[in-house]
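Peer 1: For reference, this is start00.cif, and it has mmCIF, C-alpha atoms.
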```
data_final
#
loop_
_atom_site.group_PDB
_atom_site.id
_atom_site.type_symbol
_atom_site.label_atom_id
_atom_site.label_comp_id
_atom_site.auth_asym_id
_atom_site.auth_seq_id
_atom_site.Cartn_x
_atom_site.Cartn_y
_atom_site.Cartn_z
ATOM 1 C CA MET A 132 -5.887 29.507 -25.629
ATOM 2 C CA ARG A 133 -8.751 30.350 -23.266
ATOM 3 C CA ASN A 134 -8.725 27.320 -20.933
ATOM 4 C CA PHE A 135 -6.399 24.349 -20.539
ATOM 5 C CA LEU A 136 -8.450 21.320 -19.581
ATOM 6 C CA SER A 137 -7.362 18.698 -22.107
ATOM 7 C CA VAL A 138 -5.410 18.105 -25.307
ATOM 8 C CA ASN A 139 -8.431 19.498 -27.154
ATOM 9 C CA ASP A 140 -7.439 22.993 -25.990
ATOM 10 C CA VAL A 141 -4.153 22.727 -27.900
ATOM 11 C CA GLU A 142 -4.054 23.532 -31.608
ATOM 12 C CA SER A 143 -1.090 21.227 -32.244
ATOM 13 C CA VAL A 144 0.668 18.888 -29.816
ATOM 14 C CA ASP A 145 3.831 18.990 -31.910
ATOM 15 C CA SER A 146 3.876 22.801 -31.931
ATOM 16 C CA ILE A 147 3.315 23.288 -28.195
ATOM 17 C CA VAL A 148 6.043 20.765 -27.352
ATOM 18 C CA LYS A 149 8.485 22.559 -29.682
ATOM 19 C CA GLU A 150 7.556 25.934 -28.161
ATOM 20 C CA ALA A 151 8.051 24.503 -24.683
ATOM 21 C CA LEU A 152 11.520 23.241 -25.564
ATOM 22 C CA GLU A 153 12.435 26.681 -26.900
ATOM 23 C CA LEU A 154 11.064 28.318 -23.750
ATOM 24 C CA LYS A 155 13.153 25.984 -21.613
ATOM 25 C CA LYS A 156 16.327 27.458 -23.140
ATOM 26 C CA ASP A 157 15.451 30.821 -21.558
ATOM 27 C CA ARG A 158 12.564 30.523 -19.124
ATOM 28 C CA TYR A 159 12.883 34.160 -17.998
ATOM 29 C CA ARG A 160 12.588 35.618 -21.479
ATOM 30 C CA PHE A 161 8.960 36.597 -20.894
ATOM 31 C CA SER A 162 9.315 37.762 -17.293
ATOM 32 C CA GLU A 163 7.341 40.962 -17.995
ATOM 33 C CA LEU A 164 4.419 39.194 -19.673
ATOM 34 C CA GLY A 165 2.609 38.473 -16.419
ATOM 35 C CA ARG A 166 3.257 41.799 -14.695
ATOM 36 C CA ASN A 167 0.186 42.830 -12.644
ATOM 37 C CA LYS A 168 -1.515 39.518 -13.493
ATOM 38 C CA THR A 169 -2.505 37.073 -10.737
ATOM 39 C CA LEU A 170 -2.753 33.290 -10.786
ATOM 40 C CA LEU A 171 -5.032 31.757 -8.146
ATOM 41 C CA MET A 172 -4.216 28.087 -7.479
ATOM 42 C CA ILE A 173 -7.001 26.152 -5.736
ATOM 43 C CA PHE A 174 -6.254 22.741 -4.253
ATOM 44 C CA PHE A 175 -9.020 20.348 -3.278
ATOM 45 C CA ASN A 176 -6.336 17.634 -3.009
ATOM 46 C CA SER A 177 -2.722 17.271 -1.946
ATOM 47 C CA SER A 178 0.135 18.294 -4.220
ATOM 48 C CA LEU A 179 3.902 18.597 -4.365
ATOM 49 C CA ARG A 180 5.083 18.877 -7.992
ATOM 50 C CA THR A 181 1.964 20.608 -9.291
ATOM 51 C CA ARG A 182 1.984 23.211 -6.536
ATOM 52 C CA LEU A 183 5.684 24.019 -6.782
ATOM 53 C CA SER A 184 6.065 23.814 -10.558
ATOM 54 C CA THR A 185 2.977 25.856 -11.423
ATOM 55 C CA GLN A 186 3.834 28.549 -8.899
ATOM 56 C CA LYS A 187 7.415 28.697 -10.194
ATOM 57 C CA ALA A 188 6.173 28.854 -13.796
ATOM 58 C CA ALA A 189 3.908 31.792 -12.960
ATOM 59 C CA MET A 190 6.760 33.589 -11.178
ATOM 60 C CA ASN A 191 8.989 33.066 -14.235
ATOM 61 C CA LEU A 192 6.400 35.089 -16.190
ATOM 62 C CA GLY A 193 6.254 37.833 -13.553
ATOM 63 C CA MET A 194 2.825 36.870 -12.199
ATOM 64 C CA ASN A 195 1.521 37.244 -8.669
ATOM 65 C CA VAL A 196 0.428 33.927 -7.171
ATOM 66 C CA ILE A 197 -2.215 33.103 -4.551
ATOM 67 C CA VAL A 198 -2.407 29.521 -3.252
ATOM 68 C CA LEU A 199 -5.628 28.342 -1.609
ATOM 69 C CA ASP A 200 -5.929 24.958 0.118
ATOM 70 C CA VAL A 201 -9.639 24.151 0.342
ATOM 71 C CA ASN A 202 -9.040 21.713 3.203
ATOM 72 C CA ALA A 203 -7.132 24.112 5.453
ATOM 73 C CA GLY A 204 -7.877 27.638 6.609
ATOM 74 C CA MET A 205 -11.150 28.295 4.789
ATOM 75 C CA TRP A 206 -14.865 27.605 5.119
ATOM 76 C CA LYS A 207 -16.018 24.099 4.276
ATOM 77 C CA LEU A 208 -17.527 24.105 0.804
ATOM 78 C CA GLU A 209 -20.811 22.612 -0.326
ATOM 79 C CA THR A 210 -20.672 21.429 -3.949
ATOM 80 C CA GLU A 211 -24.146 19.986 -4.450
ATOM 81 C CA ARG A 212 -27.132 21.972 -5.737
ATOM 82 C CA GLY A 213 -30.475 21.976 -3.921
ATOM 83 C CA VAL A 214 -29.193 20.819 -0.543
ATOM 84 C CA ILE A 215 -30.315 22.300 2.764
ATOM 85 C CA MET A 216 -27.073 23.622 4.219
ATOM 86 C CA ASP A 217 -27.730 22.713 7.850
ATOM 87 C CA GLY A 218 -24.549 20.697 8.325
ATOM 88 C CA ASP A 219 -20.870 21.578 8.686
ATOM 89 C CA LYS A 220 -20.519 23.183 5.232
ATOM 90 C CA THR A 221 -20.722 26.951 5.538
ATOM 91 C CA GLU A 222 -20.240 28.251 2.001
ATOM 92 C CA HIS A 223 -21.512 27.078 -1.358
ATOM 93 C CA LEU A 224 -19.177 26.689 -4.296
ATOM 94 C CA LEU A 225 -21.623 28.700 -6.431
ATOM 95 C CA GLU A 226 -20.856 31.819 -4.382
ATOM 96 C CA ALA A 227 -17.231 30.972 -3.672
ATOM 97 C CA ILE A 228 -16.239 30.541 -7.327
ATOM 98 C CA PRO A 229 -17.275 34.010 -8.610
ATOM 99 C CA VAL A 230 -15.737 35.571 -5.501
ATOM 100 C CA MET A 231 -12.448 33.822 -6.254
ATOM 101 C CA GLY A 232 -12.681 35.101 -9.810
ATOM 102 C CA CYS A 233 -12.764 38.672 -8.519
ATOM 103 C CA TYR A 234 -9.229 38.376 -7.163
ATOM 104 C CA CYS A 235 -7.311 36.907 -10.083
ATOM 105 C CA ASP A 236 -6.789 36.742 -13.833
ATOM 106 C CA VAL A 237 -6.278 32.968 -14.195
ATOM 107 C CA ILE A 238 -7.477 30.100 -11.998
ATOM 108 C CA GLY A 239 -5.753 26.736 -11.589
ATOM 109 C CA VAL A 240 -7.898 23.969 -10.091
ATOM 110 C CA ARG A 241 -6.873 20.590 -8.674
ATOM 111 C CA SER A 242 -9.772 18.253 -7.898
ATOM 112 C CA PHE A 243 -9.487 14.476 -8.067
ATOM 113 C CA ALA A 244 -12.121 11.862 -8.806
ATOM 114 C CA ARG A 245 -14.100 11.049 -5.680
ATOM 115 C CA PHE A 246 -15.176 7.562 -6.814
ATOM 116 C CA GLU A 247 -18.631 8.286 -5.357
ATOM 117 C CA SER A 248 -20.312 8.750 -8.734
ATOM 118 C CA LYS A 249 -18.809 7.759 -12.060
ATOM 119 C CA GLU A 250 -21.177 10.179 -13.784
ATOM 120 C CA ASP A 251 -20.082 13.119 -11.623
ATOM 121 C CA ASP A 252 -16.401 12.251 -12.041
ATOM 122 C CA TYR A 253 -16.528 11.861 -15.812
ATOM 123 C CA ASN A 254 -18.648 15.001 -16.212
ATOM 124 C CA GLU A 255 -15.926 16.907 -14.299
ATOM 125 C CA LYS A 256 -18.488 18.334 -11.910
ATOM 126 C CA ILE A 257 -16.076 20.500 -9.894
ATOM 127 C CA LEU A 258 -13.786 21.699 -12.687
ATOM 128 C CA ASN A 259 -16.630 22.656 -14.996
ATOM 129 C CA GLN A 260 -18.265 24.801 -12.322
ATOM 130 C CA PHE A 261 -15.102 26.915 -12.253
ATOM 131 C CA VAL A 262 -15.200 27.216 -16.037
ATOM 132 C CA LYS A 263 -18.872 28.216 -15.947
ATOM 133 C CA TYR A 264 -18.992 30.584 -12.971
ATOM 134 C CA SER A 265 -15.528 32.114 -12.423
ATOM 135 C CA GLY A 266 -15.456 34.330 -15.510
ATOM 136 C CA LYS A 267 -11.714 33.633 -15.786
ATOM 137 C CA PRO A 268 -9.518 31.235 -17.788
ATOM 138 C CA VAL A 269 -9.170 27.900 -15.997
ATOM 139 C CA ILE A 270 -6.202 25.520 -15.979
ATOM 140 C CA SER A 271 -6.648 21.922 -14.877
ATOM 141 C CA MET A 272 -3.948 21.076 -12.351
ATOM 142 C CA GLU A 273 -5.381 17.526 -12.384
ATOM 143 C CA ALA A 274 -9.071 16.840 -12.465
ATOM 144 C CA ALA A 275 -11.229 13.741 -12.143
ATOM 145 C CA THR A 276 -10.490 12.410 -15.621
ATOM 146 C CA ARG A 277 -7.350 14.150 -16.918
ATOM 147 C CA HIS A 278 -3.986 15.615 -15.892
ATOM 148 C CA PRO A 279 -2.904 17.562 -19.001
ATOM 149 C CA LEU A 280 -0.018 19.488 -17.398
ATOM 150 C CA GLN A 281 1.580 16.179 -16.444
ATOM 151 C CA THR A 282 1.213 14.668 -19.889
ATOM 152 C CA LEU A 283 2.575 17.753 -21.620
ATOM 153 C CA ALA A 284 5.642 17.473 -19.372
ATOM 154 C CA ASP A 285 5.868 13.772 -20.243
ATOM 155 C CA LEU A 286 5.909 14.533 -23.967
ATOM 156 C CA ILE A 287 8.516 17.255 -23.524
ATOM 157 C CA THR A 288 10.669 14.693 -21.695
ATOM 158 C CA ILE A 289 10.242 12.007 -24.347
ATOM 159 C CA GLU A 290 11.193 14.492 -27.064
ATOM 160 C CA GLU A 291 14.354 15.381 -25.137
ATOM 161 C CA TYR A 292 15.445 11.773 -24.592
ATOM 162 C CA LYS A 293 14.297 9.911 -27.694
ATOM 163 C CA ASP A 294 17.011 8.723 -30.092
ATOM 164 C CA LYS A 295 14.734 7.838 -33.009
ATOM 165 C CA PRO A 296 11.905 9.713 -34.723
ATOM 166 C CA ARG A 297 9.260 7.153 -33.737
ATOM 167 C CA PRO A 298 10.059 5.581 -30.359
ATOM 168 C CA LYS A 299 8.031 2.767 -28.852
ATOM 169 C CA VAL A 300 6.265 3.985 -25.702
ATOM 170 C CA VAL A 301 4.579 1.493 -23.380
ATOM 171 C CA MET A 302 2.212 2.539 -20.598
ATOM 172 C CA SER A 303 2.041 -0.274 -18.079
ATOM 173 C CA TRP A 304 -0.373 -0.706 -15.210
ATOM 174 C CA ALA A 305 1.396 -1.581 -11.957
ATOM 175 C CA PRO A 306 0.042 -2.598 -8.527
ATOM 176 C CA HIS A 307 -0.846 -0.168 -5.757
ATOM 177 C CA PRO A 308 -2.501 -0.634 -2.351
ATOM 178 C CA LYS A 309 -5.050 2.143 -2.890
ATOM 179 C CA ALA A 310 -7.604 3.016 -5.563
ATOM 180 C CA LEU A 311 -6.127 5.730 -7.781
ATOM 181 C CA PRO A 312 -7.964 7.856 -10.379
ATOM 182 C CA GLN A 313 -7.667 7.240 -14.104
ATOM 183 C CA ALA A 314 -6.697 10.884 -14.743
ATOM 184 C CA VAL A 315 -3.004 10.388 -15.531
ATOM 185 C CA PRO A 316 -3.418 7.302 -17.753
ATOM 186 C CA ASN A 317 -6.450 8.841 -19.505
ATOM 187 C CA SER A 318 -4.490 11.985 -20.244
ATOM 188 C CA PHE A 319 -1.357 10.112 -21.311
ATOM 189 C CA VAL A 320 -3.349 7.995 -23.768
ATOM 190 C CA GLU A 321 -5.266 10.997 -25.099
ATOM 191 C CA TRP A 322 -2.081 12.944 -25.860
ATOM 192 C CA MET A 323 -0.237 9.908 -27.208
ATOM 193 C CA ASN A 324 -3.032 9.512 -29.733
ATOM 194 C CA ARG A 325 -1.991 12.901 -31.156
ATOM 195 C CA THR A 326 1.630 11.802 -31.734
ATOM 196 C CA ASP A 327 3.153 9.431 -34.271
ATOM 197 C CA TYR A 328 4.901 7.317 -31.607
ATOM 198 C CA GLU A 329 4.376 3.572 -31.504
ATOM 199 C CA PHE A 330 2.189 3.328 -28.420
ATOM 200 C CA VAL A 331 1.019 0.286 -26.461
ATOM 201 C CA ILE A 332 -1.034 -0.019 -23.266
ATOM 202 C CA THR A 333 -0.605 -3.086 -21.070
ATOM 203 C CA HIS A 334 -2.723 -3.995 -18.052
ATOM 204 C CA PRO A 335 -4.515 -6.977 -16.488
ATOM 205 C CA HIS A 336 -8.019 -7.869 -17.601
ATOM 206 C CA GLY A 337 -10.545 -5.673 -15.788
ATOM 207 C CA TYR A 338 -8.416 -2.524 -15.946
ATOM 208 C CA GLU A 339 -9.617 -1.316 -19.344
ATOM 209 C CA LEU A 340 -9.822 2.480 -19.598
ATOM 210 C CA SER A 341 -12.691 4.427 -21.148
ATOM 211 C CA GLU A 342 -12.977 3.959 -24.907
ATOM 212 C CA GLU A 343 -13.351 7.754 -25.094
ATOM 213 C CA PHE A 344 -9.638 8.014 -24.366
ATOM 214 C CA VAL A 345 -8.217 4.747 -25.688
ATOM 215 C CA GLY A 346 -9.634 4.820 -29.207
ATOM 216 C CA ASN A 347 -7.733 2.399 -31.448
ATOM 217 C CA VAL A 348 -4.603 2.113 -29.301
ATOM 218 C CA ARG A 349 -3.146 -1.390 -29.100
ATOM 219 C CA ILE A 350 -3.974 -3.123 -25.806
ATOM 220 C CA GLU A 351 -1.674 -5.969 -24.794
ATOM 221 C CA TYR A 352 -2.639 -8.074 -21.759
ATOM 222 C CA ASP A 353 0.728 -9.831 -21.707
ATOM 223 C CA GLN A 354 3.033 -7.304 -20.050
ATOM 224 C CA ASP A 355 6.235 -9.071 -21.105
ATOM 225 C CA LYS A 356 5.155 -9.085 -24.740
ATOM 226 C CA ALA A 357 4.201 -5.391 -24.558
ATOM 227 C CA LEU A 358 7.584 -4.432 -23.122
ATOM 228 C CA GLU A 359 9.587 -6.079 -25.898
ATOM 229 C CA GLY A 360 11.571 -3.442 -27.785
ATOM 230 C CA ALA A 361 10.167 -0.523 -25.773
ATOM 231 C CA ASP A 362 12.166 2.727 -25.733
ATOM 232 C CA PHE A 363 10.153 4.283 -22.896
ATOM 233 C CA VAL A 364 8.239 2.543 -20.111
ATOM 234 C CA TYR A 365 5.624 4.668 -18.373
ATOM 235 C CA ALA A 366 4.406 2.903 -15.232
ATOM 236 C CA LYS A 367 1.138 3.930 -13.587
ATOM 237 C CA ASN A 368 -1.559 2.433 -11.422
ATOM 238 C CA TRP A 369 -5.243 3.161 -11.839
ATOM 239 C CA ALA A 370 -8.449 1.808 -10.352
ATOM 240 C CA ALA A 371 -10.992 -0.109 -12.403
ATOM 241 C CA TYR A 372 -13.201 1.927 -14.744
ATOM 242 C CA ALA A 373 -15.986 -0.557 -15.614
ATOM 243 C CA ASP A 374 -19.316 0.211 -13.939
ATOM 244 C CA GLU A 375 -19.438 -2.865 -11.713
ATOM 245 C CA ASN A 376 -15.952 -2.192 -10.271
ATOM 246 C CA TYR A 377 -15.603 1.563 -10.746
ATOM 247 C CA GLY A 378 -13.021 3.015 -8.383
ATOM 248 C CA LYS A 379 -12.065 -0.360 -6.933
ATOM 249 C CA VAL A 380 -8.774 -2.220 -6.574
ATOM 250 C CA ILE A 381 -9.354 -5.592 -8.226
ATOM 251 C CA SER A 382 -5.724 -6.730 -8.345
ATOM 252 C CA LYS A 383 -2.469 -6.206 -6.446
ATOM 253 C CA ASP A 384 -0.538 -8.654 -8.604
ATOM 254 C CA THR A 385 3.111 -7.828 -7.920
ATOM 255 C CA SER A 386 4.223 -9.697 -11.027
ATOM 256 C CA TRP A 387 3.294 -6.431 -12.809
ATOM 257 C CA THR A 388 5.854 -4.410 -10.787
ATOM 258 C CA ILE A 389 8.460 -2.854 -13.079
ATOM 259 C CA SER A 390 11.708 -4.616 -12.197
ATOM 260 C CA THR A 391 15.172 -5.027 -13.686
ATOM 261 C CA GLU A 392 13.962 -8.278 -15.238
ATOM 262 C CA LYS A 393 11.039 -6.459 -16.880
ATOM 263 C CA MET A 394 13.259 -3.639 -18.151
ATOM 264 C CA ALA A 395 15.644 -6.232 -19.640
ATOM 265 C CA LEU A 396 12.884 -7.065 -22.130
ATOM 266 C CA THR A 397 13.006 -3.537 -23.543
ATOM 267 C CA ASN A 398 15.327 -1.716 -25.899
ATOM 268 C CA ASN A 399 17.293 -0.342 -22.934
ATOM 269 C CA ALA A 400 14.236 1.785 -22.221
ATOM 270 C CA TYR A 401 13.951 4.868 -20.096
ATOM 271 C CA PHE A 402 11.704 4.514 -17.051
ATOM 272 C CA MET A 403 9.041 7.171 -16.452
ATOM 273 C CA HIS A 404 6.495 7.834 -13.720
ATOM 274 C CA CYS A 405 4.528 10.948 -12.776
ATOM 275 C CA LEU A 406 5.387 10.640 -9.028
ATOM 276 C CA PRO A 407 4.773 10.143 -6.173
ATOM 277 C CA VAL A 408 5.609 6.483 -6.593
ATOM 278 C CA ARG A 409 5.233 3.506 -4.260
ATOM 279 C CA ARG A 410 8.643 1.860 -4.384
ATOM 280 C CA ASN A 411 8.679 -1.904 -4.733
ATOM 281 C CA MET A 412 4.989 -1.827 -5.653
ATOM 282 C CA ILE A 413 5.022 0.226 -8.862
ATOM 283 C CA VAL A 414 8.772 -0.062 -9.472
ATOM 284 C CA THR A 415 11.737 -1.625 -7.750
ATOM 285 C CA ASP A 416 14.453 0.466 -6.122
ATOM 286 C CA ASP A 417 17.089 -0.573 -8.632
ATOM 287 C CA VAL A 418 15.003 0.542 -11.623
ATOM 288 C CA ILE A 419 13.966 3.932 -10.296
ATOM 289 C CA GLU A 420 17.517 4.628 -9.144
ATOM 290 C CA SER A 421 19.116 3.468 -12.389
ATOM 291 C CA GLU A 422 20.740 5.663 -15.024
ATOM 292 C CA ARG A 423 17.767 4.996 -17.306
ATOM 293 C CA SER A 424 15.292 6.430 -14.835
ATOM 294 C CA ILE A 425 14.189 9.911 -15.941
ATOM 295 C CA VAL A 426 11.557 10.584 -13.294
ATOM 296 C CA ILE A 427 13.412 13.641 -11.959
ATOM 297 C CA PRO A 428 13.907 15.360 -15.364
ATOM 298 C CA GLU A 429 10.267 14.475 -16.064
ATOM 299 C CA ALA A 430 9.195 16.190 -12.832
ATOM 300 C CA ALA A 431 11.406 19.186 -13.598
ATOM 301 C CA ASN A 432 9.604 19.606 -16.916
ATOM 302 C CA ARG A 433 6.371 20.229 -15.021
ATOM 303 C CA GLU A 434 7.623 23.799 -14.623
ATOM 304 C CA ILE A 435 8.042 24.096 -18.386
ATOM 305 C CA SER A 436 4.659 22.607 -19.255
ATOM 306 C CA ALA A 437 2.915 24.949 -16.823
ATOM 307 C CA GLN A 438 4.843 27.962 -18.084
ATOM 308 C CA ILE A 439 4.075 27.441 -21.766
ATOM 309 C CA VAL A 440 0.373 27.004 -20.932
ATOM 310 C CA LEU A 441 0.294 30.126 -18.750
ATOM 311 C CA LYS A 442 2.134 32.076 -21.431
ATOM 312 C CA LYS A 443 -0.431 31.161 -24.058
ATOM 313 C CA ILE A 444 -3.339 32.016 -21.777
ATOM 314 C CA ILE A 445 -1.890 35.377 -20.718
ATOM 315 C CA GLU A 446 -1.248 36.297 -24.338
ATOM 316 C CA ASN A 447 -4.963 35.775 -24.969
ATOM 317 C CA LEU A 448 -6.244 37.877 -22.053
#
```
Please, can you express the file's structure as structure tokens?
Peer 2:
Amino acid sequence: MRNFLSVNDVESVDSIVKEALELKKDRYRFSELGRNKTLLMIFFNSSLRTRLSTQKAAMNLGMNVIVLDVNAGMWKLETERGVIMDGDKTEHLLEAIPVMGCYCDVIGVRSFARFESKEDDYNEKILNQFVKYSGKPVISMEAATRHPLQTLADLITIEEYKDKPRPKVVMSWAPHPKALPQAVPNSFVEWMNRTDYEFVITHPHGYELSEEFVGNVRIEYDQDKALEGADFVYAKNWAAYADENYGKVISKDTSWTISTEKMALTNNAYFMHCLPVRRNMIVTDDVIESERSIVIPEAANREISAQIVLKKIIENL
């Protein structure tokens, strides 16, 4: 593995999940693998789980770790080509990226969709500049269109908790007061398409995701019908994707909130969410605090997903 930007960088989803589960049994087994190797983690956006889990994963492999917050303690970065830099931005990303590459062996980048240009977001303008100019392997720690480390952790979690070979997994849109990127749902759908699970997406009209990710997945606009017989319920909000409403909140319909009544329609399903979660918007208190909520084990598996990816990249250096 050279880079980890999407499911397309993985030879086999089934194999990497199995390897991750084996690694989890002894996460310090390869503690010498990363000796004298450095991971640089660059954050254009806020983070809790990604920052902590990826740093811990690198430390498990014996790596040095540098964490850089673009919005605190460094020069303001210009990202556009051809601009006259006579404003408050002191350094251009085209110089900053190769300089960063000088100080590390692997680069992790976190850069969300800006919702200023659909074309720029879906062309991964920031992430791809790191791939092109850093000269080092790049890991997406969530980009404009995908969050592969999260989804790999999600699959690891489902494999641990499923009680049948082919569980029914439902990804349900839920309301949120702010416009959120499509990265997590895009990534979840893309990886689910590589499994043999029964998979259903449910959301209101107007919240259709890009066909590039959805493919032939079943879309059910009736949430109650979608939830029937589900073994796992993955709740997530996302902003509209269609051109005329791109990046906008077009509904805050709280009837889509995952509640005890909604979970009663399922096959005693486990509740999942990538976190952070808006309680009593996305999910009610009683559901997220229930015995069938696995959001904390899911978050804990972020360490494992990051570690198996780092291991594979280091082995290829």
Peer 1: Nearest to Asn447 in chain A: which of A:Lys256, A:Arg133, A:Lys220, A:Arg277 is it, counting all atoms listed in the file?
Peer 2: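 Closest to Asn447 in chain A of all the choices is A:Arg133.
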Peer 1: Env of Tyr292 in chain A: 9 Å cut, atoms = all atoms listed in the file, seq-sep filter 3 positions within chain, self excluded. Answer as JSON, numbers by chain.
Peer 2: {"A": [287, 288, 289, 401, 425]}
Peer 1: Would you mind listing what lies within 8 Å of Glu321 in chain A as number ranges by chain, with all atoms listed in the file counted and same-chain residues fewer than 2 positions away left out?
Peer 2: A: 138, 317-319, 323-325, 344-345
Peer 1: So, with all atoms listed in the file as the atoms that count, which of A:Pro279, A:Asn411, A:Arg349, A:Tyr377 lies closest to Asn139 in chain A?
Peer 2: A:Pro279
Peer 1: Which residues of range 221-275 of chain A come within 10 Å of range 160-172 of chain A, and for each one, what is the closest pair of atoms and their distance in Å to one decimal, counting all atoms listed in the file, sorted by chain and residue number, as JSON lines?
Peer 2:
```
{"residue": "A:Met231", "atom": "CA", "partner": "A:Leu171", "partner_atom": "CA", "distance": 7.9}
{"residue": "A:Gly232", "atom": "CA", "partner": "A:Leu171", "partner_atom": "CA", "distance": 8.5}
{"residue": "A:Tyr234", "atom": "CA", "partner": "A:Thr169", "partner_atom": "CA", "distance": 7.7}
{"residue": "A:Cys235", "atom": "CA", "partner": "A:Thr169", "partner_atom": "CA", "distance": 4.9}
{"residue": "A:Asp236", "atom": "CA", "partner": "A:Thr169", "partner_atom": "CA", "distance": 5.3}
{"residue": "A:Val237", "atom": "CA", "partner": "A:Leu170", "partner_atom": "CA", "distance": 4.9}
{"residue": "A:Ile238", "atom": "CA", "partner": "A:Leu171", "partner_atom": "CA", "distance": 4.9}
{"residue": "A:Gly239", "atom": "CA", "partner": "A:Met172", "partner_atom": "CA", "distance": 4.6}
{"residue": "A:Val240", "atom": "CA", "partner": "A:Met172", "partner_atom": "CA", "distance": 6.1}
{"residue": "A:Arg241", "atom": "CA", "partner": "A:Met172", "partner_atom": "CA", "distance": 8.0}
{"residue": "A:Pro268", "atom": "CA", "partner": "A:Leu170", "partner_atom": "CA", "distance": 10.0}
{"residue": "A:Val269", "atom": "CA", "partner": "A:Leu171", "partner_atom": "CA", "distance": 9.7}
{"residue": "A:Ile270", "atom": "CA", "partner": "A:Met172", "partner_atom": "CA", "distance": 9.1}
{"residue": "A:Ser271", "atom": "CA", "partner": "A:Met172", "partner_atom": "CA", "distance": 9.9}
{"residue": "A:Met272", "atom": "CA", "partner": "A:Met172", "partner_atom": "CA", "distance": 8.5}
```
Peer 1: Given only C-alpha atoms as the basis, pick out the residue of A:Gly266, A:Gly213, A:Pro428, A:Gly193 nearest to Pro229 in chain A.
Peer 2: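 For Pro229 in chain A, the nearest of the candidates is A:Gly266.
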Peer 1: Taking only C-alpha atoms into account, name the residue in A:Thr391, A:Ser436, A:Thr276, A:Asn134 that is nearest to Ser424 in chain A.
Peer 2: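 The answer is A:Thr391, which sits nearest to Ser424 in chain A.
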Peer 1: Interatomic distance between CA of Ile173 in chain A and CA of Leu286 in chain A?
Peer 2: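 Interatomic distance here is 25.2 Å.
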Peer 1: What does the distance between CA of Lys249 in chain A and CA of Asn376 in chain A come to in Å, to one decimal place?
Peer 2: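 So the two atoms, CA of Lys249 in chain A and CA of Asn376 in chain A, lie 10.5 Å apart.
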Peer 1: From the options A:Ile197, A:Ala244, A:Val364, A:Ile445, which residue's atoms come nearest to Val426 in chain A, counting all atoms listed in the file?
Peer 2: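 Closest to Val426 in chain A, using all atoms listed in the file: A:Val364.
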Peer 1: Between A:His404, A:Lys309, A:Lys295, A:Arg410, which one has atoms that come closest to Asp362 in chain A, using only C-alpha atoms?
Peer 2: A:Lys295
Peer 1: Got a sec: who's within 9 Å of Thr181 in chain A, counting all atoms listed in the file, leaving out chain neighbours fewer than 5 positions off, as a short mmCIF file (atom, residue, chain, number, x, y, z; two decimals) with C-alpha atoms, in the coordinates of the input?
Peer 2:
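Writing done, so here's around22.cif:
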```cif
data_model
loop_
_atom_site.label_atom_id
_atom_site.label_comp_id
_atom_site.auth_asym_id
_atom_site.auth_seq_id
_atom_site.Cartn_x
_atom_site.Cartn_y
_atom_site.Cartn_z
CA GLN A 186 3.83 28.55 -8.90
CA ARG A 241 -6.87 20.59 -8.67
CA MET A 272 -3.95 21.08 -12.35
CA GLU A 273 -5.38 17.53 -12.38
CA LEU A 280 -0.02 19.49 -17.40
CA GLN A 281 1.58 16.18 -16.44
CA ARG A 433 6.37 20.23 -15.02
CA GLU A 434 7.62 23.80 -14.62
CA ALA A 437 2.92 24.95 -16.82
#
```
Peer 1: If I take CA of Ser265 in chain A and CA of Ile228 in chain A, how far is one from the other in Å, to one decimal?
Peer 2: 5.4 Å
